[in-house]
>>> print(open('entry-v4.txt').read())   # compact mmCIF, C-alpha atoms and all ligand atoms
# COMPACT_ATOMS: atom_id res chain seq x y z
CA MET M 3 -30.73 -11.11 13.98
CA ASN M 4 -30.16 -7.51 15.01
CA ARG M 5 -28.77 -6.72 18.41
CA GLY M 6 -28.73 -2.94 17.99
CA ILE M 7 -26.53 -0.13 16.76
CA LEU M 8 -22.79 -0.72 16.69
CA VAL M 9 -20.11 1.83 15.79
CA SER M 10 -16.50 1.00 15.00
CA GLY M 11 -13.58 3.07 13.75
CA ILE M 12 -10.96 1.89 11.27
CA ARG M 13 -7.62 3.68 11.29
CA PRO M 14 -6.23 4.59 7.84
CA THR M 15 -2.80 3.25 8.71
CA GLY M 16 -1.46 2.14 5.35
CA GLU M 17 -0.29 -1.32 4.43
CA LEU M 18 -2.10 -4.17 6.16
CA HIS M 19 -0.60 -7.47 7.24
CA LEU M 20 -1.92 -10.90 8.05
CA GLY M 21 -2.07 -10.00 11.76
CA ASN M 22 -4.41 -7.08 11.07
CA TYR M 23 -6.53 -9.35 8.88
CA TYR M 24 -7.00 -11.94 11.61
CA GLY M 25 -7.08 -9.54 14.55
CA ALA M 26 -9.27 -6.78 13.19
CA MET M 27 -10.76 -7.27 9.73
CA LYS M 28 -12.28 -10.70 10.16
CA ASN M 29 -14.20 -9.49 13.23
CA ILE M 30 -16.06 -7.07 11.02
CA LEU M 31 -17.54 -9.90 8.99
CA GLU M 32 -19.18 -11.32 12.10
CA LEU M 33 -20.29 -7.97 13.45
CA GLN M 34 -22.02 -6.88 10.25
CA GLU M 35 -24.25 -9.96 10.50
CA LYS M 36 -25.28 -9.35 14.10
CA TYR M 37 -25.62 -5.60 14.46
CA ASN M 38 -26.84 -2.50 12.72
CA SER M 39 -23.23 -1.52 12.09
CA TYR M 40 -21.59 1.79 11.29
CA PHE M 41 -17.98 1.36 10.21
CA PHE M 42 -16.03 4.54 9.58
CA ILE M 43 -12.49 5.34 8.48
CA SER M 44 -11.16 7.67 11.15
CA ASP M 45 -9.35 10.26 9.06
CA ILE M 46 -10.03 13.18 11.43
CA HIS M 47 -8.57 11.28 14.38
CA SER M 48 -5.39 10.63 12.46
CA LEU M 49 -4.71 14.38 12.18
CA THR M 50 -3.26 14.37 15.71
CA THR M 51 -0.04 13.10 14.15
CA HIS M 52 -0.09 15.39 11.07
CA PRO M 53 0.05 12.93 8.16
CA LYS M 54 0.97 14.44 4.77
CA PRO M 55 -2.29 15.45 3.04
CA ASP M 56 -1.63 13.28 -0.04
CA ASP M 57 -0.74 10.28 2.11
CA LEU M 58 -3.91 10.68 4.14
CA THR M 59 -6.10 10.87 1.04
CA ARG M 60 -4.43 7.79 -0.42
CA ASN M 61 -4.50 5.82 2.83
CA VAL M 62 -8.25 6.36 3.18
CA LEU M 63 -8.83 4.95 -0.29
CA GLU M 64 -6.46 2.04 0.29
CA ILE M 65 -7.95 1.00 3.62
CA ALA M 66 -11.46 1.23 2.14
CA LYS M 67 -10.33 -1.17 -0.60
CA ASP M 68 -8.79 -3.49 1.97
CA TYR M 69 -11.96 -3.76 4.02
CA LEU M 70 -14.17 -4.24 0.97
CA ALA M 71 -11.82 -6.95 -0.29
CA ALA M 72 -11.96 -8.61 3.12
CA GLY M 73 -15.73 -8.84 2.83
CA LEU M 74 -17.16 -5.74 4.47
CA ASP M 75 -20.58 -5.53 2.84
CA PRO M 76 -21.81 -1.94 2.35
CA ASN M 77 -25.36 -3.23 2.02
CA LYS M 78 -25.27 -4.94 5.39
CA SER M 79 -23.64 -2.02 7.18
CA THR M 80 -22.96 1.70 6.80
CA PHE M 81 -19.40 2.24 5.60
CA TYR M 82 -18.20 5.84 5.41
CA VAL M 83 -15.34 8.22 6.02
CA GLN M 84 -15.44 10.11 9.32
CA SER M 85 -14.87 13.50 7.64
CA SER M 86 -17.80 12.95 5.29
CA ILE M 87 -20.07 13.72 8.25
CA ALA M 88 -17.63 16.19 9.83
CA GLU M 89 -20.30 18.86 10.41
CA GLU M 90 -22.41 16.59 12.60
CA ILE M 91 -19.54 14.88 14.44
CA CYS M 92 -17.63 18.07 15.14
CA GLU M 93 -20.75 19.88 16.30
CA LEU M 94 -21.64 17.06 18.67
CA HIS M 95 -18.03 16.93 19.83
CA THR M 96 -18.30 20.57 20.92
CA TYR M 97 -21.47 19.97 22.92
CA LEU M 98 -20.02 16.87 24.56
CA SER M 99 -16.81 18.72 25.43
CA MET M 100 -18.86 21.03 27.68
CA VAL M 101 -19.78 18.19 30.03
CA MET M 102 -16.38 16.45 30.02
CA PRO M 103 -14.10 17.20 32.99
CA LEU M 104 -10.65 18.19 31.73
CA GLY M 105 -8.90 16.49 34.66
CA ASP M 106 -10.14 13.05 33.60
CA LEU M 107 -8.81 13.60 30.08
CA LEU M 108 -5.40 14.69 31.32
CA ARG M 109 -5.21 11.64 33.58
CA CYS M 110 -6.15 9.27 30.77
CA PRO M 111 -3.32 6.71 30.41
CA THR M 112 -3.44 6.68 26.59
CA PHE M 113 -3.05 10.48 26.56
CA LYS M 114 -0.10 10.34 28.94
CA GLU M 115 1.55 7.69 26.82
CA LYS M 116 1.11 9.65 23.58
CA ALA M 117 2.29 12.88 25.22
CA LYS M 118 5.45 11.05 26.25
CA LYS M 119 5.93 9.62 22.75
CA GLN M 120 5.49 12.94 20.95
CA PRO M 121 6.52 15.60 23.51
CA ASP M 122 6.88 18.26 20.78
CA ASN M 123 3.30 17.74 19.65
CA VAL M 124 1.02 17.55 22.66
CA ASN M 125 -1.88 19.17 20.86
CA TYR M 126 -5.38 19.98 22.05
CA GLY M 127 -6.84 17.29 19.79
CA LEU M 128 -4.75 14.65 21.51
CA VAL M 129 -6.30 15.53 24.87
CA GLY M 130 -9.78 15.61 23.39
CA TYR M 131 -9.41 12.35 21.47
CA PRO M 132 -11.81 10.40 23.74
CA VAL M 133 -14.43 13.16 23.39
CA LEU M 134 -14.23 12.98 19.61
CA MET M 135 -14.51 9.21 19.89
CA ALA M 136 -17.63 9.64 22.03
CA ALA M 137 -19.07 11.89 19.32
CA ASP M 138 -18.32 9.24 16.66
CA ILE M 139 -20.35 6.73 18.63
CA LEU M 140 -23.16 8.93 19.90
CA ILE M 141 -23.80 10.63 16.56
CA HIS M 142 -25.65 7.40 15.67
CA LYS M 143 -26.73 6.63 19.25
CA GLY M 144 -24.38 3.66 19.17
CA LYS M 145 -24.95 1.06 21.88
CA PHE M 146 -22.06 -1.28 21.11
CA VAL M 147 -18.42 -0.60 20.37
CA PRO M 148 -15.83 -3.26 19.55
CA VAL M 149 -12.65 -2.32 21.40
CA GLY M 150 -9.28 -3.71 22.29
CA GLU M 151 -8.26 -3.69 25.95
CA ASP M 152 -6.39 -0.39 25.49
CA GLN M 153 -9.56 1.36 24.31
CA LEU M 154 -11.69 0.40 27.31
CA VAL M 155 -10.68 3.60 29.12
CA HIS M 156 -11.94 5.67 26.21
CA LEU M 157 -15.25 3.89 26.23
CA GLU M 158 -15.55 4.50 29.96
CA ILE M 159 -15.10 8.20 29.22
CA ALA M 160 -17.88 8.00 26.62
CA ARG M 161 -20.14 6.43 29.23
CA THR M 162 -19.32 9.20 31.71
CA ILE M 163 -20.17 11.80 29.07
CA VAL M 164 -23.50 10.12 28.39
CA ARG M 165 -24.45 10.08 32.08
CA ARG M 166 -23.60 13.75 32.53
CA PHE M 167 -25.26 14.82 29.34
CA ASN M 168 -28.45 12.88 30.02
CA GLN M 169 -28.58 14.24 33.57
CA LEU M 170 -28.60 17.79 32.22
CA TYR M 171 -30.75 17.36 29.12
CA GLY M 172 -32.90 14.26 29.44
CA ASP M 173 -32.60 10.72 28.25
CA ILE M 174 -30.97 11.33 24.87
CA PHE M 175 -28.13 8.83 24.55
CA PRO M 176 -27.71 5.16 25.45
CA GLU M 177 -24.58 4.24 27.45
CA PRO M 178 -22.40 2.47 24.88
CA ARG M 179 -21.11 -0.94 25.89
CA PRO M 180 -17.81 -2.51 24.88
CA ILE M 181 -17.56 -5.70 22.89
CA VAL M 182 -14.07 -6.87 23.71
CA GLU M 183 -12.52 -8.14 20.50
CA ASN M 184 -11.14 -11.66 20.39
CA ALA M 185 -7.53 -11.61 21.45
CA VAL M 186 -6.00 -13.45 18.48
CA ARG M 187 -2.34 -12.48 18.27
CA ILE M 188 -0.61 -13.67 15.12
CA PRO M 189 3.09 -14.13 15.89
CA SER M 190 5.83 -12.50 13.86
CA LEU M 191 7.76 -14.60 11.33
CA SER M 192 10.86 -13.53 13.24
CA GLY M 193 9.63 -15.31 16.36
CA LYS M 194 9.82 -12.06 18.30
CA GLY M 195 6.40 -11.03 19.59
CA LYS M 196 3.37 -10.28 17.45
CA MET M 197 3.38 -9.68 13.73
CA SER M 198 3.69 -5.93 13.24
CA LYS M 199 4.51 -3.55 10.43
CA SER M 200 6.84 -1.66 12.74
CA ASP M 201 9.20 -4.66 12.43
CA ASN M 202 11.29 -5.26 9.33
CA ALA M 203 9.33 -6.02 6.16
CA ASP M 204 10.34 -9.69 6.05
CA SER M 205 8.90 -10.41 9.49
CA TYR M 206 5.30 -9.88 8.39
CA ILE M 207 3.13 -11.01 5.51
CA SER M 208 1.55 -8.05 3.79
CA MET M 209 -1.95 -8.65 2.45
CA LYS M 210 -0.48 -7.44 -0.86
CA ASP M 211 2.32 -10.01 -1.02
CA ASP M 212 2.30 -12.30 -4.02
CA ASN M 213 2.83 -16.04 -3.71
CA GLU M 214 6.55 -15.78 -4.45
CA THR M 215 7.09 -13.18 -1.75
CA ILE M 216 5.13 -15.26 0.75
CA GLN M 217 7.28 -18.33 -0.06
CA ARG M 218 10.48 -16.32 0.34
CA LYS M 219 9.48 -14.77 3.68
CA VAL M 220 8.18 -18.00 5.18
CA LYS M 221 11.33 -19.85 4.11
CA LYS M 222 13.29 -17.53 6.38
CA ALA M 223 10.86 -17.74 9.29
CA TYR M 224 12.18 -18.58 12.72
CA SER M 225 11.27 -22.16 13.64
CA ASP M 226 12.36 -24.58 16.38
CA PRO M 227 15.84 -23.46 17.49
CA THR M 228 16.61 -26.86 19.04
CA ARG M 229 16.02 -28.74 15.78
CA ILE M 230 19.29 -28.61 13.90
CA TYR M 231 19.28 -31.73 11.72
CA LYS M 232 16.49 -32.95 9.47
CA HIS M 233 16.52 -36.47 10.98
CA GLN M 234 16.09 -35.02 14.45
CA ALA M 235 12.56 -34.90 15.91
CA GLY M 236 11.06 -31.41 16.33
CA ASN M 237 8.74 -29.84 18.90
CA PRO M 238 5.50 -29.18 17.05
CA SER M 239 3.72 -27.07 19.67
CA LYS M 240 2.88 -23.37 19.99
CA GLU M 241 5.65 -22.91 22.50
CA GLY M 242 8.20 -25.17 20.83
CA CYS M 243 8.11 -23.93 17.24
CA ASN M 244 7.12 -20.58 15.79
CA VAL M 245 6.34 -22.11 12.40
CA TYR M 246 4.03 -24.67 14.00
CA HIS M 247 2.39 -21.86 15.98
CA LEU M 248 1.70 -20.05 12.68
CA HIS M 249 0.32 -23.26 11.18
CA THR M 250 -2.29 -23.41 13.95
CA TYR M 251 -3.90 -20.24 12.57
CA PHE M 252 -3.69 -20.88 8.85
CA THR M 253 -3.52 -24.59 8.17
CA GLU M 254 -6.58 -26.79 8.25
CA LYS M 255 -6.95 -29.32 11.02
CA GLU M 256 -6.24 -32.49 9.06
CA THR M 257 -3.00 -31.20 7.57
CA LEU M 258 -2.03 -29.74 10.93
CA GLU M 259 -2.36 -33.12 12.64
CA LYS M 260 -0.30 -34.74 9.93
CA ILE M 261 2.46 -32.15 10.32
CA GLN M 262 2.49 -32.64 14.05
CA LEU M 263 2.99 -36.37 13.67
CA GLN M 264 5.59 -36.11 10.91
CA CYS M 265 7.61 -33.44 12.71
CA SER M 266 7.55 -35.49 15.94
CA ASN M 267 8.96 -38.53 14.16
CA ALA M 268 11.25 -36.55 11.84
CA THR M 269 9.67 -37.71 8.59
CA ILE M 270 9.17 -34.09 7.54
CA GLY M 271 11.83 -31.38 7.65
CA CYS M 272 11.48 -27.67 8.32
CA VAL M 273 11.86 -26.73 4.65
CA GLN M 274 8.89 -28.86 3.62
CA CYS M 275 6.87 -27.79 6.66
CA LYS M 276 7.44 -24.14 5.76
CA SER M 277 6.42 -24.78 2.19
CA ILE M 278 3.06 -26.11 3.44
CA LEU M 279 2.70 -23.03 5.63
CA SER M 280 3.34 -20.77 2.62
CA ASP M 281 0.59 -22.55 0.71
CA SER M 282 -1.83 -22.17 3.62
CA ILE M 283 -1.07 -18.49 3.88
CA ASN M 284 -1.32 -17.96 0.15
CA SER M 285 -4.73 -19.61 0.12
CA ILE M 286 -5.90 -16.82 2.45
CA VAL M 287 -4.00 -13.88 0.97
CA GLY M 288 -4.53 -14.97 -2.65
CA PRO M 289 -8.32 -14.54 -2.88
CA PHE M 290 -8.04 -11.27 -0.96
CA ARG M 291 -5.36 -10.05 -3.37
CA GLU M 292 -7.47 -10.94 -6.41
CA LYS M 293 -10.63 -9.37 -5.04
CA ARG M 294 -8.76 -6.22 -4.14
CA LYS M 295 -7.23 -5.92 -7.61
CA LYS M 296 -10.71 -5.90 -9.16
CA LEU M 297 -11.86 -2.91 -7.11
CA SER M 298 -11.35 0.34 -9.00
CA ASP M 299 -10.91 3.68 -7.22
CA SER M 300 -14.22 4.89 -8.58
CA ASP M 301 -16.04 1.76 -7.32
CA VAL M 302 -14.71 2.51 -3.86
CA TYR M 303 -15.62 6.19 -3.98
CA ASP M 304 -19.16 5.21 -5.01
CA VAL M 305 -19.44 2.88 -2.03
CA LEU M 306 -18.20 5.58 0.34
CA GLU M 307 -20.60 8.13 -1.15
CA HIS M 308 -23.48 5.75 -0.54
CA GLY M 309 -22.24 5.26 3.03
CA LYS M 310 -22.03 9.00 3.52
CA MET M 311 -25.69 9.39 2.58
CA LYS M 312 -26.77 6.76 5.07
CA ALA M 313 -24.52 8.18 7.81
CA LYS M 314 -25.77 11.72 7.13
CA GLU M 315 -29.35 10.68 7.56
CA SER M 316 -28.69 9.03 10.89
CA SER M 317 -26.42 11.78 12.23
CA GLN M 318 -28.63 14.69 11.23
CA LYS M 319 -31.54 13.14 13.07
CA VAL M 320 -29.49 12.89 16.25
CA ILE M 321 -28.05 16.41 15.94
CA SER M 322 -31.54 17.91 15.59
CA GLU M 323 -32.67 16.10 18.70
CA VAL M 324 -29.59 17.23 20.62
CA ARG M 325 -29.97 20.88 19.63
CA LYS M 326 -33.57 20.86 20.75
CA ALA M 327 -32.69 19.20 24.05
CA ILE M 328 -29.99 21.74 24.91
CA GLY M 329 -32.09 24.73 23.84
CA LEU M 330 -30.32 25.77 20.65
P1 LIG M 401 0.81 -2.75 13.78
O1 LIG M 401 1.34 -3.33 15.07
O2 LIG M 401 1.23 -3.57 12.61
O3 LIG M 401 1.13 -1.29 13.62
P2 LIG M 401 -1.81 -1.79 14.40
O4 LIG M 401 -1.37 -1.38 15.76
O5 LIG M 401 -2.02 -0.74 13.37
O6 LIG M 401 -0.78 -2.89 13.84
O7 LIG M 401 -3.14 -2.67 14.57
C1 LIG M 401 -4.32 -2.48 13.83
C2 LIG M 401 -5.30 -3.55 14.25
O8 LIG M 401 -4.80 -4.86 13.93
C3 LIG M 401 -5.62 -3.60 15.74
O9 LIG M 401 -6.99 -3.92 15.89
C4 LIG M 401 -4.74 -4.70 16.27
O10 LIG M 401 -5.29 -5.30 17.42
C5 LIG M 401 -4.70 -5.68 15.10
N1 LIG M 401 -3.42 -6.38 15.06
C6 LIG M 401 -2.20 -5.84 14.84
N2 LIG M 401 -1.23 -6.77 14.85
C7 LIG M 401 -1.85 -7.96 15.07
C8 LIG M 401 -1.40 -9.31 15.18
N3 LIG M 401 -0.12 -9.64 15.05
N4 LIG M 401 -2.32 -10.27 15.42
C9 LIG M 401 -3.63 -9.96 15.55
N5 LIG M 401 -4.11 -8.72 15.45
C10 LIG M 401 -3.25 -7.71 15.22
NA NA M 402 -11.90 -1.17 15.59
>>> encode(input="entry-v4.txt", output="structure tokens")
Amino acid sequence: MNRGILVSGIRPTGELHLGNYYGAMKNILELQEKYNSYFFISDIHSLTTHPKPDDLTRNVLEIAKDYLAAGLDPNKSTFYVQSSIAEEICELHTYLSMVMPLGDLLRCPTFKEKAKKQPDNVNYGLVGYPVLMAADILIHKGKFVPVGEDQLVHLEIARTIVRRFNQLYGDIFPEPRPIVENAVRIPSLSGKGKMSKSDNADSYISMKDDNETIQRKVKKAYSDPTRIYKHQAGNPSKEGCNVYHLHTYFTEKETLEKIQLQCSNATIGCVQCKSILSDSINSIVGPFREKRKKLSDSDVYDVLEHGKMKAKESSQKVISEVRKAIGL
């Protein structure tokens, strides 16, 4: 089945956790089956916050390894680094910028938010971020873009750009449509909000954690605050117990039902319940960890080089067509 061209960016953010795996990486496995997918690591975008050059280089390699270990298949999709087709993307970005009203960019809520967060670094690239994103998509004539709610505004800007561009130069680009990603939100081990690497390191499970570390972190996880004694019945529900809530994502149905019963009648205590959760989590992180360990740097660079070739071919075709259409 092929529903058309899909483009999706992956931020080279560093260490990944179980929340990222469930919320972002697993989606890719489904998408690569259904679409002609282009997945790129958005290293140029990340320059708005001035990462250290060595960190950026390393983060790109690391995130590529993560996605390959998670099952991204470079034969089913095109997997490349944004800067490896910088000429085409940056050229298209310039053309698109000519039809993009500046006022709309300045009013964009994500721009305003970032400008507030980094008032000493309100750079030109930050304002133009949605235009660069439009170029990322349109360089392959992407029709579908998986986005979180917060990115819908950016996609709307891309659609505006397409309408204006096509009005001036003919029917060149399709209007890209959002695929709103499933809203799985893995809770933090601390019981406070979603799992996030901006919390302390023990409140999330890193996809690099070994079994021992997983056991240690889960042992400390926040559970049902009203259950004080082991012989007291617990509240095995998403709302009643954070540990049970975590079980619902990682533990298979049969075991989950057993836990629910045994917690309700106090035949299982929190220590044992957490130990089962650790095992469930390790059975997900473990295979990932092993697969990742087997990927050498040079394997990954080979994959990205192959992706670059495929992305080049697609993007150069589009750039030629665009130049012709605008009279260059
Ligand atoms: P963090 O909050 O750890 O910094 P990011 O903001 O870098 O995570 O998120 C990267 C991707 O992972 C996004 O697609 C986001 O929706 C997803 N994600 C992050 N945390 C979670 C979570 N706890 N549960 C599900 N998905 C998540
Ligand atoms: Na994405």
>>> atom_distance(input="entry-v4.txt", atom1="atom CA of Lys326 of chain M", atom2="atom CA of Pro176 of chain M")
17.4 Å
>>> residues_near_ligand(input="entry-v4.txt", ligand="ligand NA 402 (chain M)", cutoff="7 Å", atoms="only C-alpha atoms and all ligand atoms", output="list in words")
Ser10, Gly11, Ile12, Ala26, Pro148 and Val149 of chain M
>>> closest_residue(input="entry-v4.txt", among="M:Ser266, M:Val302, M:Asp212, M:Asn29", to="Val182 of chain M", atoms="only C-alpha atoms")
M:Asn29
>>> closest_residue(input="entry-v4.txt", among="M:Ala327, M:Ile43, M:Leu297, M:Met197", to="ligand LIG 401 (chain M)", atoms="all atoms listed in the file")
M:Met197
>>> residues_around(input="entry-v4.txt", residues="segment 216-220 of chain M", least_positions_apart="3", cutoff="9 Å", atoms="all atoms listed in the file", output="VMD selection string")
chain M and resid 191 204 to 208 211 to 213 223 to 224 245 276 to 277 279 to 281 283 to 284
>>> atom_distance(input="entry-v4.txt", atom1="atom CA of Cys243 of chain M", atom2="atom CA of Ser225 of chain M")
5.1 Å
>>> atom_distance(input="entry-v4.txt", atom1="atom C3 of ligand LIG 401 (chain M)", atom2="atom CA of Asp68 of chain M")
14.1 Å
>>> residues_near_ligand(input="entry-v4.txt", ligand="ligand LIG 401 (chain M)", cutoff="6 Å", atoms="all atoms listed in the file", output="PyMOL selection string")
chain M and resi 21-22+24-26+186-189+196-200
>>> residues_around(input="entry-v4.txt", residues="Cys272 of chain M", least_positions_apart="6", cutoff="9 Å", atoms="all atoms listed in the file", output="short mmCIF file (atom, residue, chain, number, x, y, z; two decimals) with C-alpha atoms, keeping the file's coordinate frame")
data_model
loop_
_atom_site.label_atom_id
_atom_site.label_comp_id
_atom_site.auth_asym_id
_atom_site.auth_seq_id
_atom_site.Cartn_x
_atom_site.Cartn_y
_atom_site.Cartn_z
CA LYS M 221 11.33 -19.85 4.11
CA SER M 225 11.27 -22.16 13.64
CA ASP M 226 12.36 -24.58 16.38
CA ARG M 229 16.02 -28.74 15.78
CA LYS M 232 16.49 -32.95 9.47
CA GLY M 236 11.06 -31.41 16.33
CA VAL M 245 6.34 -22.11 12.40
CA CYS M 265 7.61 -33.44 12.71
#
>>> closest_atom_pairs(input="entry-v4.txt", of="segment 50-81 of chain M", to="segment 122-128 of chain M", cutoff="10 Å", atoms="only C-alpha atoms", output="CSV")
residue,atom,partner,partner_atom,distance
M:Thr50,CA,M:Leu128,CA,6.0
M:Thr51,CA,M:Asn123,CA,7.9
M:His52,CA,M:Asn123,CA,9.5
>>> write_last_selection(input="entry-v4.txt", atoms="C-alpha atoms", output="tab-separated table (two decimals), keeping the file's coordinate frame")
chain	number	residue	atom	x	y	z
M	50	THR	CA	-3.26	14.37	15.71
M	51	THR	CA	-0.04	13.10	14.15
M	52	HIS	CA	-0.09	15.39	11.07
